[in-house]
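Asks: Contents of protein.csv (CSV, C-alpha atoms) are below:
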chain,number,residue,atom,x,y,z
A,1,MET,CA,88.5,122.0,140.9
A,2,GLU,CA,89.1,119.5,138.1
A,3,GLN,CA,88.6,121.3,134.8
A,4,GLY,CA,89.5,118.2,132.8
A,5,VAL,CA,86.2,117.3,131.1
A,6,LEU,CA,83.7,119.7,129.7
A,7,LEU,CA,81.2,117.1,129.1
A,8,THR,CA,79.5,115.0,131.8
A,9,GLU,CA,82.1,113.5,134.0
A,10,SER,CA,80.2,110.3,134.8
A,11,ALA,CA,80.0,109.1,131.2
A,12,ASP,CA,83.2,107.4,129.9
A,13,ILE,CA,83.6,109.2,126.6
A,14,ASP,CA,86.9,108.1,125.2
A,15,PHE,CA,88.3,109.1,121.9
A,16,MET,CA,91.6,110.5,122.8
A,17,ILE,CA,95.0,109.0,122.1
A,18,HIS,CA,96.5,107.2,125.1
A,19,GLY,CA,100.1,106.6,125.9
A,20,VAL,CA,100.8,102.9,126.5
A,21,PHE,CA,104.4,103.1,127.8
A,22,SER,CA,107.2,105.5,127.5
A,23,TYR,CA,111.0,105.2,127.2
A,24,GLU,CA,113.9,107.6,127.3
A,25,LEU,CA,115.7,108.4,124.1
A,26,PHE,CA,118.6,110.9,124.1
A,27,GLY,CA,117.0,112.6,127.1
A,28,GLN,CA,113.6,112.9,125.6
A,29,THR,CA,110.6,110.9,126.8
A,30,VAL,CA,109.0,109.1,123.9
A,31,TRP,CA,105.6,107.7,124.2
A,32,ILE,CA,104.3,104.6,122.5
A,33,THR,CA,100.7,105.4,122.0
A,34,THR,CA,97.6,103.6,120.9
A,35,THR,CA,98.1,105.0,117.4
A,36,HIS,CA,101.4,103.1,117.1
A,37,ILE,CA,99.8,99.9,118.1
A,38,CYS,CA,96.9,100.3,115.7
A,39,VAL,CA,99.3,101.2,112.9
A,40,LEU,CA,101.3,98.0,113.8
A,41,ILE,CA,98.1,95.9,113.7
A,42,VAL,CA,97.1,97.4,110.3
A,43,MET,CA,100.6,96.8,109.0
A,44,LEU,CA,100.6,93.2,110.1
A,45,VAL,CA,97.2,92.6,108.4
A,46,ILE,CA,98.6,94.2,105.2
A,47,ILE,CA,101.8,92.1,105.4
A,48,ALA,CA,99.8,88.9,105.9
A,49,PHE,CA,97.5,89.8,103.0
A,50,CYS,CA,100.5,90.6,100.8
A,51,LEU,CA,102.3,87.3,101.6
A,52,ALA,CA,99.2,85.3,100.9
A,53,ALA,CA,98.6,87.2,97.7
A,54,ASN,CA,102.2,86.7,96.6
A,55,ARG,CA,101.9,82.9,97.2
A,56,VAL,CA,98.6,82.7,95.4
A,57,VAL,CA,99.8,84.8,92.4
A,58,LYS,CA,103.0,82.7,92.0
A,59,HIS,CA,101.0,79.5,91.8
A,60,ALA,CA,98.2,81.2,89.8
A,61,SER,CA,95.7,78.7,88.4
A,62,GLU,CA,93.8,79.0,85.1
A,63,VAL,CA,90.5,79.0,86.9
A,64,PRO,CA,91.0,81.4,89.8
A,65,GLY,CA,89.9,80.5,93.3
A,66,THR,CA,88.2,82.8,95.7
A,67,PHE,CA,91.3,84.5,97.1
A,68,GLN,CA,93.0,84.9,93.7
A,69,ASN,CA,89.8,86.5,92.4
A,70,ILE,CA,89.8,89.0,95.3
A,71,VAL,CA,93.5,89.9,94.6
A,72,GLU,CA,92.9,90.3,90.9
A,73,MET,CA,89.8,92.4,91.6
A,74,VAL,CA,91.8,94.7,93.9
A,75,VAL,CA,94.7,95.1,91.5
A,76,GLU,CA,92.4,95.7,88.5
A,77,MET,CA,90.3,98.3,90.4
A,78,LEU,CA,93.5,100.2,91.4
A,79,ASP,CA,94.9,100.0,87.9
A,80,ASN,CA,91.7,101.3,86.4
A,81,MET,CA,91.5,104.1,88.9
A,82,ILE,CA,95.1,105.2,88.5
A,83,GLY,CA,95.1,104.8,84.7
A,84,GLY,CA,91.9,106.8,84.4
A,85,VAL,CA,93.4,109.8,86.1
A,86,MET,CA,97.1,109.8,85.4
A,87,GLY,CA,97.1,108.4,81.8
A,88,LYS,CA,100.6,107.8,80.5
A,89,PHE,CA,102.2,108.5,83.9
A,90,SER,CA,100.3,105.8,85.7
A,91,PRO,CA,102.9,102.9,85.5
A,92,LYS,CA,105.4,104.9,87.6
A,93,PHE,CA,103.0,105.8,90.4
A,94,ARG,CA,101.0,102.7,90.6
A,95,ASN,CA,103.0,101.4,93.5
A,96,TYR,CA,102.8,104.5,95.6
A,97,ILE,CA,99.1,105.2,95.1
A,98,GLY,CA,98.2,101.5,95.6
A,99,THR,CA,100.1,101.4,98.8
A,100,ILE,CA,98.6,104.5,100.3
A,101,PHE,CA,95.1,103.4,99.1
A,102,ILE,CA,95.3,100.1,100.9
A,103,PHE,CA,96.9,101.5,104.0
A,104,ILE,CA,94.4,104.4,104.3
A,105,PHE,CA,91.4,102.2,103.6
A,106,LEU,CA,92.4,99.6,106.2
A,107,SER,CA,93.2,102.3,108.7
A,108,ASN,CA,89.8,104.0,108.2
A,109,ILE,CA,87.8,100.9,108.5
A,110,SER,CA,89.8,99.6,111.5
A,111,GLY,CA,87.2,101.5,113.6
A,112,LEU,CA,84.9,98.6,112.7
A,113,PHE,CA,87.1,96.2,114.6
A,114,GLY,CA,87.3,98.2,117.8
A,115,LEU,CA,90.6,99.9,117.1
A,116,ARG,CA,91.1,103.6,117.2
A,117,PRO,CA,91.7,104.5,113.5
A,118,PRO,CA,95.3,105.4,113.1
A,119,THR,CA,94.3,108.1,110.6
A,120,ALA,CA,92.5,109.9,113.4
A,121,ASP,CA,95.9,111.0,114.6
A,122,TYR,CA,97.3,114.0,112.8
A,123,GLY,CA,100.8,112.5,113.0
A,124,VAL,CA,99.8,109.7,110.6
A,125,THR,CA,97.9,111.8,108.0
A,126,PHE,CA,100.6,114.6,108.1
A,127,ALA,CA,103.2,112.0,107.2
A,128,LEU,CA,101.1,110.9,104.3
A,129,GLY,CA,100.7,114.5,103.2
A,130,ILE,CA,104.4,115.1,103.4
A,131,MET,CA,105.1,112.1,101.3
A,132,THR,CA,102.8,113.3,98.6
A,133,PHE,CA,104.4,116.8,98.9
A,134,VAL,CA,107.9,115.4,98.3
A,135,ILE,CA,106.7,113.3,95.4
A,136,ILE,CA,104.9,116.2,93.8
A,137,HIS,CA,108.0,118.5,94.0
A,138,TYR,CA,110.5,115.8,93.0
A,139,ASN,CA,108.6,115.2,89.8
A,140,GLN,CA,108.0,118.8,89.2
A,141,PHE,CA,111.8,119.5,89.3
A,142,LYS,CA,112.4,116.3,87.2
A,143,TYR,CA,109.9,116.9,84.4
A,144,GLN,CA,109.6,120.7,84.3
A,145,LYS,CA,113.2,121.5,85.3
A,146,VAL,CA,114.1,124.5,87.4
A,147,LYS,CA,113.1,126.9,84.7
A,148,GLY,CA,109.6,125.5,84.5
A,149,VAL,CA,109.1,125.5,88.3
A,150,ILE,CA,110.1,129.1,88.5
A,151,ALA,CA,107.9,129.9,85.6
A,152,GLY,CA,105.0,128.1,87.3
A,153,LEU,CA,105.6,130.1,90.5
A,154,CYS,CA,105.5,133.4,88.7
A,155,ASP,CA,102.4,132.3,86.9
A,156,PRO,CA,100.4,135.5,86.0
A,157,TRP,CA,103.1,137.9,87.1
A,158,PRO,CA,106.3,137.6,89.3
A,159,ILE,CA,104.6,139.6,92.0
A,160,TRP,CA,102.2,136.6,92.5
A,161,ALA,CA,105.1,134.3,93.7
A,162,PRO,CA,104.5,134.6,97.5
A,163,ILE,CA,100.9,133.6,97.0
A,164,ASN,CA,101.8,130.7,94.8
A,165,ILE,CA,104.3,129.5,97.4
A,166,ILE,CA,101.7,129.6,100.1
A,167,GLY,CA,99.4,127.7,97.8
A,168,GLU,CA,102.1,125.0,97.3
A,169,ILE,CA,102.6,124.7,101.1
A,170,ALA,CA,98.8,124.5,101.7
A,171,VAL,CA,98.6,121.3,99.5
A,172,PRO,CA,99.9,118.8,102.1
A,173,ILE,CA,98.2,120.6,105.0
A,174,SER,CA,94.8,120.6,103.5
A,175,LEU,CA,95.2,117.0,102.2
A,176,SER,CA,96.1,115.7,105.6
A,177,LEU,CA,93.7,117.9,107.6
A,178,ARG,CA,90.8,116.7,105.4
A,179,LEU,CA,91.5,113.0,106.0
A,180,PHE,CA,92.2,113.6,109.7
A,181,ALA,CA,89.1,115.7,110.4
A,182,ASN,CA,86.8,113.3,108.6
A,183,VAL,CA,88.0,110.2,110.4
A,184,LEU,CA,88.2,112.1,113.7
A,185,SER,CA,84.6,113.3,113.4
A,186,GLY,CA,83.5,109.7,112.9
A,187,THR,CA,85.5,108.5,115.8
A,188,VAL,CA,84.1,111.3,118.1
A,189,MET,CA,80.5,110.6,117.0
A,190,MET,CA,80.8,106.9,117.8
A,191,ALA,CA,82.5,107.6,121.1
A,192,LEU,CA,79.7,110.1,122.0
A,193,ILE,CA,77.0,107.6,121.1
A,194,TYR,CA,78.7,104.8,123.1
A,195,GLY,CA,79.5,107.1,126.0
A,196,LEU,CA,76.3,109.1,126.4
A,197,LEU,CA,73.7,106.6,125.2
A,198,SER,CA,75.3,103.5,126.6
A,199,LYS,CA,72.0,102.2,128.0
A,200,ILE,CA,70.2,102.0,124.7
A,201,ALA,CA,73.1,101.6,122.3
A,202,ILE,CA,72.4,98.0,121.6
A,203,ILE,CA,72.4,97.1,117.8
A,204,TRP,CA,71.4,100.3,116.0
A,205,PRO,CA,75.0,101.8,116.2
A,206,GLY,CA,75.9,99.2,113.6
A,207,ALA,CA,74.2,101.3,111.0
A,208,LEU,CA,76.2,104.4,112.1
A,209,HIS,CA,79.4,102.3,111.9
A,210,ILE,CA,78.5,101.5,108.3
A,211,TYR,CA,78.2,105.2,107.6
A,212,PHE,CA,81.0,106.7,109.6
A,213,ASP,CA,83.6,103.9,109.3
A,214,LEU,CA,82.9,102.1,106.0
A,215,PHE,CA,81.2,104.7,103.7
A,216,SER,CA,83.0,107.8,105.0
A,217,GLY,CA,86.3,106.0,105.2
A,218,ALA,CA,86.1,104.7,101.7
A,219,ILE,CA,85.1,108.1,100.3
A,220,GLN,CA,88.0,109.8,102.1
A,221,THR,CA,90.4,107.2,100.9
A,222,TYR,CA,89.2,107.7,97.3
A,223,VAL,CA,89.4,111.5,97.7
A,224,PHE,CA,92.9,111.4,99.1
A,225,CYS,CA,94.2,109.2,96.4
A,226,MET,CA,92.4,111.1,93.7
A,227,LEU,CA,93.8,114.4,94.8
A,228,THR,CA,97.3,113.0,95.2
A,229,MET,CA,97.1,111.6,91.6
A,230,THR,CA,95.8,114.9,90.2
A,231,TYR,CA,98.6,116.9,91.9
A,232,ILE,CA,101.3,114.5,90.7
A,233,ALA,CA,99.9,114.3,87.2
A,234,ASN,CA,99.8,118.1,87.1
A,235,ALA,CA,103.5,118.2,88.3
A,236,CYS,CA,104.5,115.7,85.6
A,237,GLU,CA,103.0,117.6,82.8
A,238,THR,CA,105.4,119.4,80.5
A,239,ASP,CA,104.0,122.1,78.3
B,1,MET,CA,94.8,141.1,133.5
B,2,GLU,CA,93.9,137.8,135.2
B,3,PHE,CA,90.8,135.9,134.0
B,4,ASN,CA,88.9,133.3,136.0
B,5,THR,CA,89.5,129.8,134.5
B,6,ASN,CA,85.8,129.0,134.5
B,7,PHE,CA,85.1,132.2,132.5
B,8,ILE,CA,87.7,131.2,129.9
B,9,LEU,CA,86.3,127.7,129.7
B,10,GLY,CA,82.8,129.0,129.3
B,11,CYS,CA,83.9,131.4,126.5
B,12,SER,CA,85.7,128.5,124.9
B,13,ALA,CA,82.5,126.5,124.8
B,14,ILE,CA,80.6,129.4,123.3
B,15,GLY,CA,83.4,129.8,120.7
B,16,ALA,CA,83.3,126.1,119.9
B,17,GLY,CA,79.6,126.4,119.3
B,18,LEU,CA,80.1,129.4,117.0
B,19,ALA,CA,82.9,127.6,115.1
B,20,VAL,CA,80.7,124.7,114.0
B,21,ILE,CA,78.3,127.2,112.3
B,22,ALA,CA,80.9,126.8,109.5
B,23,GLY,CA,79.0,123.6,108.7
B,24,ILE,CA,76.3,125.7,107.0
B,25,GLY,CA,78.4,126.5,104.0
B,26,PRO,CA,79.5,123.0,103.0
B,27,GLY,CA,75.9,121.8,103.7
B,28,ILE,CA,74.5,124.2,101.1
B,29,GLY,CA,77.3,123.5,98.7
B,30,GLN,CA,77.0,119.7,98.9
B,31,GLY,CA,73.3,120.0,98.4
B,32,ILE,CA,73.7,122.1,95.3
B,33,ALA,CA,76.3,119.6,94.0
B,34,ALA,CA,74.0,116.6,94.6
B,35,GLY,CA,71.1,118.4,93.0
B,36,HIS,CA,73.0,119.2,89.9
B,37,ALA,CA,74.4,115.6,89.8
B,38,ALA,CA,70.8,114.3,90.0
B,39,ALA,CA,69.8,116.6,87.1
B,40,ALA,CA,72.8,115.4,85.1
B,41,VAL,CA,71.9,111.7,85.7
B,42,GLY,CA,68.4,112.5,84.6
B,43,ARG,CA,69.7,114.0,81.3
B,44,ASN,CA,72.3,111.3,80.7
B,45,PRO,CA,71.7,108.1,82.6
B,46,GLY,CA,74.6,106.3,80.9
B,47,ALA,CA,77.2,108.5,82.6
B,48,LYS,CA,75.9,107.7,86.1
B,49,SER,CA,79.1,106.2,87.6
B,50,ASP,CA,81.2,109.1,86.2
B,51,ILE,CA,78.8,111.7,87.6
B,52,THR,CA,78.6,110.0,91.0
B,53,SER,CA,82.4,109.8,91.4
B,54,THR,CA,82.9,113.4,90.3
B,55,MET,CA,80.1,114.5,92.6
B,56,LEU,CA,81.6,112.7,95.6
B,57,LEU,CA,85.1,114.1,94.9
B,58,GLY,CA,83.7,117.7,94.7
B,59,GLN,CA,81.6,117.3,97.8
B,60,ALA,CA,84.5,115.9,99.8
B,61,VAL,CA,86.7,118.8,98.8
B,62,ALA,CA,83.9,121.3,99.6
B,63,GLU,CA,83.5,119.7,103.0
B,64,THR,CA,87.0,120.8,104.0
B,65,THR,CA,86.0,124.3,105.2
B,66,GLY,CA,83.3,122.8,107.4
B,67,LEU,CA,85.8,120.4,108.9
B,68,TYR,CA,88.2,123.3,109.7
B,69,GLY,CA,85.4,124.7,111.8
B,70,LEU,CA,84.9,121.3,113.5
B,71,LEU,CA,88.7,121.2,114.2
B,72,ILE,CA,88.6,124.6,115.8
B,73,ALA,CA,85.7,123.5,118.0
B,74,MET,CA,87.6,120.3,119.0
B,75,LEU,CA,90.7,122.3,119.8
B,76,LEU,CA,88.7,124.7,122.0
B,77,LEU,CA,86.9,122.0,123.8
B,78,PHE,CA,89.5,119.4,124.4
B,79,VAL,CA,93.0,120.9,124.0
B,80,LYS,CA,91.9,124.2,125.7
B,81,PRO,CA,94.7,126.4,124.4
B,82,LEU,CA,93.3,129.4,126.3
B,83,GLY,CA,92.6,127.9,129.7
B,84,LYS,CA,96.1,126.9,130.6
Let me see whether you can do it: turn the structure in this file into C-alpha cells.

Replies:
Amino acid sequence: MEQGVLLTESADIDFMIHGVFSYELFGQTVWITTTHICVLIVMLVIIAFCLAANRVVKHASEVPGTFQNIVEMVVEMLDNMIGGVMGKFSPKFRNYIGTIFIFIFLSNISGLFGLRPPTADYGVTFALGIMTFVIIHYNQFKYQKVKGVIAGLCDPWPIWAPINIIGEIAVPISLSLRLFANVLSGTVMMALIYGLLSKIAIIWPGALHIYFDLFSGAIQTYVFCMLTMTYIANACETD
Amino acid sequence: MEFNTNFILGCSAIGAGLAVIAGIGPGIGQGIAAGHAAAAVGRNPGAKSDITSTMLLGQAVAETTGLYGLLIAMLLLFVKPLGK
C-alpha cells in the first residue's frame, strides 16, 4: 500500500522541492532542484535591476525620473534603517545588509509570481545564517580581540562558558529557522488552498497572497536584517 | 519489536497535531505585545512608527517557538522519520 501522502490523494497538493535533473560529480549524484532555478531567476532580476540602476545613477539628472526616484528611495530607506541600528559601524556593513535585504525580500515575494520561494528551502536560509555567523565572529575577534572574546564567553563565571557557546551556535540556527519556517508556512497554506479548494479558489486567494507573501515576507526580511545588524553591532562594540 | 507502518503513521499524525499546540504561546504573547503597543500609541501618538517597528520585531521573535512546533509537525507529516 502506498503510504506516500497522508492528505487526500486525489488533490494535487504540491509544495515540495522537486528535482529537475541530476548529474554525477565525483561519484555523487547532485540534483538541480526547483530552488536552484528560482534562486537563478531572482538573481537575474536583481542583476538586471542593478545594471539599470547603475546606468541611471551614472547619468543622474538634476530632476530625477521615475526609475531614479525608485533607486534613490531604496538606497535612502536602507541607509536610514542601517544607520538607525548600527550607528557609527553602519558604513562598513551597508553593502552586506543591503544585499541580503534585497535578496531575501525578492525571494520572499517571488511566491506572488508563481515561483516556489527560494527561502522556503532550508539550504538557502541556512547559508544566510552561516554568513551572518561568520561576520559576527570575524568582527568580534577583530574588535574585541581574543581576550575580549574569552571574557565574553566566561561572562558571569567561567563555569557558564558551555552555555554561552551553545547560545552562540544557536544564533544562526534560530535566525535561519525563523525565516525558513515563516516562508514555508505561507507556501504550505497557499498550496493547501489551491489544492483542496481548487473549485472555489477564484479571486479571493489574492488577499491571502498579499498577507502570506507580501506582508509576511516583508516583515521577515526586516526581522532577519534587524537581528543581523543587532548581533553585528553587539560584536563590534568594545567596552 | 516490530510496529505496523499504519500504526506509526497514525501516531505521527497525532503527534503532529499535538506539536502545533505550541501555537498557543506565541498567540498570547503577540496579543499582549500588540495590546501594549496600542496603549503606547494612545499615550504617545508621535512615536507611532517607532512603536510599530519595535512591536513587529518583538512579535516576529516571539513567533519562533510556535514555528518550531510547526516544523516538528511538518517533519512528522511529510518527512516521516519514524515510518521508514

Asks: Restricting the calculation to all atoms listed in the file, which member of A:Val71, A:Leu112, A:Val134, A:Ile200 is positioned closest to Val56 (chain A)?

Replies: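 Looking at the shortest contact to Val56 (chain A), the residue is A:Val71.
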
Asks: Taking all atoms listed in the file into account, report as a VMD selection string which residues of chain A lie within 7 Å of chain B.

Replies: chain A and resid 178 181 223

Asks: Find the residues near Leu76 (chain B): any atom within 6 Å, counting all atoms listed in the file, skip ones fewer than 3 places away on the same chain, and give them as a list in words.

Replies: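 Residues near the query, excluding close chain neighbours: Ser12, Ala16, Ala73 and Lys80 of chain B.
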
Asks: For CA of Leu192 (chain A) and CA of Ile13 (chain A), determine how far apart the two atoms are, in Å to one decimal place.

Replies: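 The value is 6.1 Å.
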
Asks: Write out as a list in words which residues come within 9 Å of Lys48 (chain B) when counting all atoms listed in the file, dropping same-chain ones fewer than 6 positions away.

Replies: Ala37, Ala40 and Val41 of chain B

Asks: Given the selection you just returned, output its residues as a file containing C-alpha atoms, formatted as an mmCIF file, keeping the file's coordinate frame.

Replies:
data_model
loop_
_atom_site.group_PDB
_atom_site.id
_atom_site.type_symbol
_atom_site.label_atom_id
_atom_site.label_comp_id
_atom_site.auth_asym_id
_atom_site.auth_seq_id
_atom_site.Cartn_x
_atom_site.Cartn_y
_atom_site.Cartn_z
ATOM 1 C CA ALA B 37 74.400 115.600 89.800
ATOM 2 C CA ALA B 40 72.800 115.400 85.100
ATOM 3 C CA VAL B 41 71.900 111.700 85.700
#

Asks: Between CA of Phe103 (chain A) and CA of Ile41 (chain A), measure the distance and give it in Å to one decimal.

Replies: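 CA of Ile41 (chain A) lies 11.3 Å from CA of Phe103 (chain A).
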
Asks: At a cut-off of 7 Å, using only C-alpha atoms, what residues contact region 202-213 of chain A? Leave out same-chain residues fewer than 2 positions from it and give the result as a CSV table (one decimal) with C-alpha atoms, keeping the file's coordinate frame.

Replies:
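After the write, out-v3.csv holds the following:
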chain,number,residue,atom,x,y,z
A,108,ASN,CA,89.8,104.0,108.2
A,109,ILE,CA,87.8,100.9,108.5
A,111,GLY,CA,87.2,101.5,113.6
A,112,LEU,CA,84.9,98.6,112.7
A,186,GLY,CA,83.5,109.7,112.9
A,200,ILE,CA,70.2,102.0,124.7
A,215,PHE,CA,81.2,104.7,103.7
A,216,SER,CA,83.0,107.8,105.0
A,217,GLY,CA,86.3,106.0,105.2

Asks: What's around region 227-235 of chain A at 8 Å? Count all atoms listed in the file, leave out sequence neighbours fewer than 4 positions away in its own chain, and write the answer as a PyMOL selection string.

Replies: chain A and resi 82+85-86+89+97+132+135-137+139-140+143-144+175+223

Asks: Please compute the CA of Ala52 (chain A)-CA of Phe67 (chain A) distance, one decimal, in Å.

Replies: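 Atom-to-atom, CA of Ala52 (chain A) and CA of Phe67 (chain A) are spaced 8.8 Å apart.
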
Asks: List every protein, DNA or RNA residue with an atom no more than 12 Å from (92.5, 87.1, 89.0) in the file's coordinates, counting all atoms listed in the file, and format the result as a list in words.

Replies: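 Collected hits near the coordinates: Ala53, Val56, Val57, Lys58, His59, Ala60, Ser61, Glu62, Val63, Pro64, Gly65, Thr66, Phe67, Gln68, Asn69, Ile70, Val71, Glu72, Met73, Val74, Val75, Glu76 and Met77 of chain A.
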
Asks: Which one of A:Ala218, A:Leu179, A:Val188, A:Ile166 sits closest to Gly123 (chain A) if you count only C-alpha atoms?

Replies: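 Of the candidates, the smallest distance to Gly123 (chain A) is held by A:Leu179.
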
Asks: Considering all atoms listed in the file, can you say which of A:Phe26, A:Trp31, A:Phe101, A:Phe93 comes closest to Ile46 (chain A)?

Replies: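 Distance minimum relative to Ile46 (chain A) lands on A:Phe101.
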
Asks: Regenerate region 129-138 of chain A at the level of all heavy atoms and dump it as a PDB file, in the coordinates of the input.

Replies:
ATOM      1  N   GLY A 129     100.681 113.272 103.968  1.00  0.00           N
ATOM      2  CA  GLY A 129     100.700 114.500 103.200  1.00  0.00           C
ATOM      3  C   GLY A 129     102.090 114.932 102.810  1.00  0.00           C
ATOM      4  O   GLY A 129     102.325 115.382 101.682  1.00  0.00           O
ATOM      5  N   ILE A 130     103.042 114.773 103.732  1.00  0.00           N
ATOM      6  CA  ILE A 130     104.400 115.100 103.400  1.00  0.00           C
ATOM      7  C   ILE A 130     104.994 114.259 102.333  1.00  0.00           C
ATOM      8  O   ILE A 130     105.698 114.730 101.427  1.00  0.00           O
ATOM      9  CB  ILE A 130     105.279 115.027 104.720  1.00  0.00           C
ATOM     10  CG1 ILE A 130     104.942 116.157 105.668  1.00  0.00           C
ATOM     11  CG2 ILE A 130     106.759 115.065 104.389  1.00  0.00           C
ATOM     12  CD1 ILE A 130     105.422 117.496 105.225  1.00  0.00           C
ATOM     13  N   MET A 131     104.664 112.960 102.368  1.00  0.00           N
ATOM     14  CA  MET A 131     105.100 112.100 101.300  1.00  0.00           C
ATOM     15  C   MET A 131     104.641 112.519  99.956  1.00  0.00           C
ATOM     16  O   MET A 131     105.404 112.597  98.974  1.00  0.00           O
ATOM     17  CB  MET A 131     104.681 110.626 101.596  1.00  0.00           C
ATOM     18  CG  MET A 131     105.622 109.865 102.481  1.00  0.00           C
ATOM     19  SD  MET A 131     104.782 108.571 103.387  1.00  0.00           S
ATOM     20  CE  MET A 131     104.153 107.559 102.089  1.00  0.00           C
ATOM     21  N   THR A 132     103.338 112.848  99.900  1.00  0.00           N
ATOM     22  CA  THR A 132     102.800 113.300  98.600  1.00  0.00           C
ATOM     23  C   THR A 132     103.462 114.626  98.198  1.00  0.00           C
ATOM     24  O   THR A 132     103.802 114.789  97.019  1.00  0.00           O
ATOM     25  CB  THR A 132     101.274 113.582  98.827  1.00  0.00           C
ATOM     26  OG1 THR A 132     100.666 112.347  99.111  1.00  0.00           O
ATOM     27  CG2 THR A 132     100.666 114.182  97.597  1.00  0.00           C
ATOM     28  N   PHE A 133     103.704 115.520  99.154  1.00  0.00           N
ATOM     29  CA  PHE A 133     104.400 116.800  98.900  1.00  0.00           C
ATOM     30  C   PHE A 133     105.729 116.577  98.239  1.00  0.00           C
ATOM     31  O   PHE A 133     106.077 117.174  97.206  1.00  0.00           O
ATOM     32  CB  PHE A 133     104.476 117.580 100.176  1.00  0.00           C
ATOM     33  CG  PHE A 133     105.084 118.943 100.053  1.00  0.00           C
ATOM     34  CD1 PHE A 133     104.379 119.984  99.498  1.00  0.00           C
ATOM     35  CD2 PHE A 133     106.358 119.181 100.533  1.00  0.00           C
ATOM     36  CE1 PHE A 133     104.928 121.240  99.408  1.00  0.00           C
ATOM     37  CE2 PHE A 133     106.919 120.436 100.441  1.00  0.00           C
ATOM     38  CZ  PHE A 133     106.199 121.461  99.871  1.00  0.00           C
ATOM     39  N   VAL A 134     106.518 115.654  98.852  1.00  0.00           N
ATOM     40  CA  VAL A 134     107.900 115.400  98.300  1.00  0.00           C
ATOM     41  C   VAL A 134     107.779 114.814  96.927  1.00  0.00           C
ATOM     42  O   VAL A 134     108.531 115.234  96.025  1.00  0.00           O
ATOM     43  CB  VAL A 134     108.603 114.426  99.294  1.00  0.00           C
ATOM     44  CG1 VAL A 134     109.884 113.926  98.651  1.00  0.00           C
ATOM     45  CG2 VAL A 134     108.921 115.124 100.593  1.00  0.00           C
ATOM     46  N   ILE A 135     106.851 113.885  96.707  1.00  0.00           N
ATOM     47  CA  ILE A 135     106.700 113.300  95.400  1.00  0.00           C
ATOM     48  C   ILE A 135     106.325 114.309  94.336  1.00  0.00           C
ATOM     49  O   ILE A 135     106.875 114.364  93.225  1.00  0.00           O
ATOM     50  CB  ILE A 135     105.760 112.087  95.406  1.00  0.00           C
ATOM     51  CG1 ILE A 135     106.399 110.963  96.187  1.00  0.00           C
ATOM     52  CG2 ILE A 135     105.405 111.631  94.016  1.00  0.00           C
ATOM     53  CD1 ILE A 135     105.588 109.749  96.255  1.00  0.00           C
ATOM     54  N   ILE A 136     105.374 115.182  94.702  1.00  0.00           N
ATOM     55  CA  ILE A 136     104.900 116.200  93.800  1.00  0.00           C
ATOM     56  C   ILE A 136     106.128 117.071  93.342  1.00  0.00           C
ATOM     57  O   ILE A 136     106.374 117.290  92.150  1.00  0.00           O
ATOM     58  CB  ILE A 136     103.866 117.129  94.411  1.00  0.00           C
ATOM     59  CG1 ILE A 136     102.556 116.385  94.597  1.00  0.00           C
ATOM     60  CG2 ILE A 136     103.619 118.353  93.562  1.00  0.00           C
ATOM     61  CD1 ILE A 136     101.578 117.138  95.451  1.00  0.00           C
ATOM     62  N   HIS A 137     106.919 117.530  94.333  1.00  0.00           N
ATOM     63  CA  HIS A 137     108.000 118.500  94.000  1.00  0.00           C
ATOM     64  C   HIS A 137     109.167 117.821  93.336  1.00  0.00           C
ATOM     65  O   HIS A 137     109.799 118.403  92.453  1.00  0.00           O
ATOM     66  CB  HIS A 137     108.341 119.319  95.198  1.00  0.00           C
ATOM     67  CG  HIS A 137     107.288 120.330  95.467  1.00  0.00           C
ATOM     68  ND1 HIS A 137     107.269 121.540  94.843  1.00  0.00           N
ATOM     69  CD2 HIS A 137     106.160 120.268  96.211  1.00  0.00           C
ATOM     70  CE1 HIS A 137     106.190 122.200  95.228  1.00  0.00           C
ATOM     71  NE2 HIS A 137     105.505 121.451  96.045  1.00  0.00           N
ATOM     72  N   TYR A 138     109.449 116.558  93.726  1.00  0.00           N
ATOM     73  CA  TYR A 138     110.500 115.800  93.000  1.00  0.00           C
ATOM     74  C   TYR A 138     110.182 115.720  91.549  1.00  0.00           C
ATOM     75  O   TYR A 138     111.017 115.999  90.678  1.00  0.00           O
ATOM     76  CB  TYR A 138     110.679 114.442  93.666  1.00  0.00           C
ATOM     77  CG  TYR A 138     111.634 113.566  92.925  1.00  0.00           C
ATOM     78  CD1 TYR A 138     113.005 113.775  93.026  1.00  0.00           C
ATOM     79  CD2 TYR A 138     111.180 112.540  92.106  1.00  0.00           C
ATOM     80  CE1 TYR A 138     113.891 112.986  92.344  1.00  0.00           C
ATOM     81  CE2 TYR A 138     112.052 111.745  91.413  1.00  0.00           C
ATOM     82  CZ  TYR A 138     113.419 111.968  91.534  1.00  0.00           C
ATOM     83  OH  TYR A 138     114.297 111.189  90.842  1.00  0.00           O
TER      84      TYR A 138
END
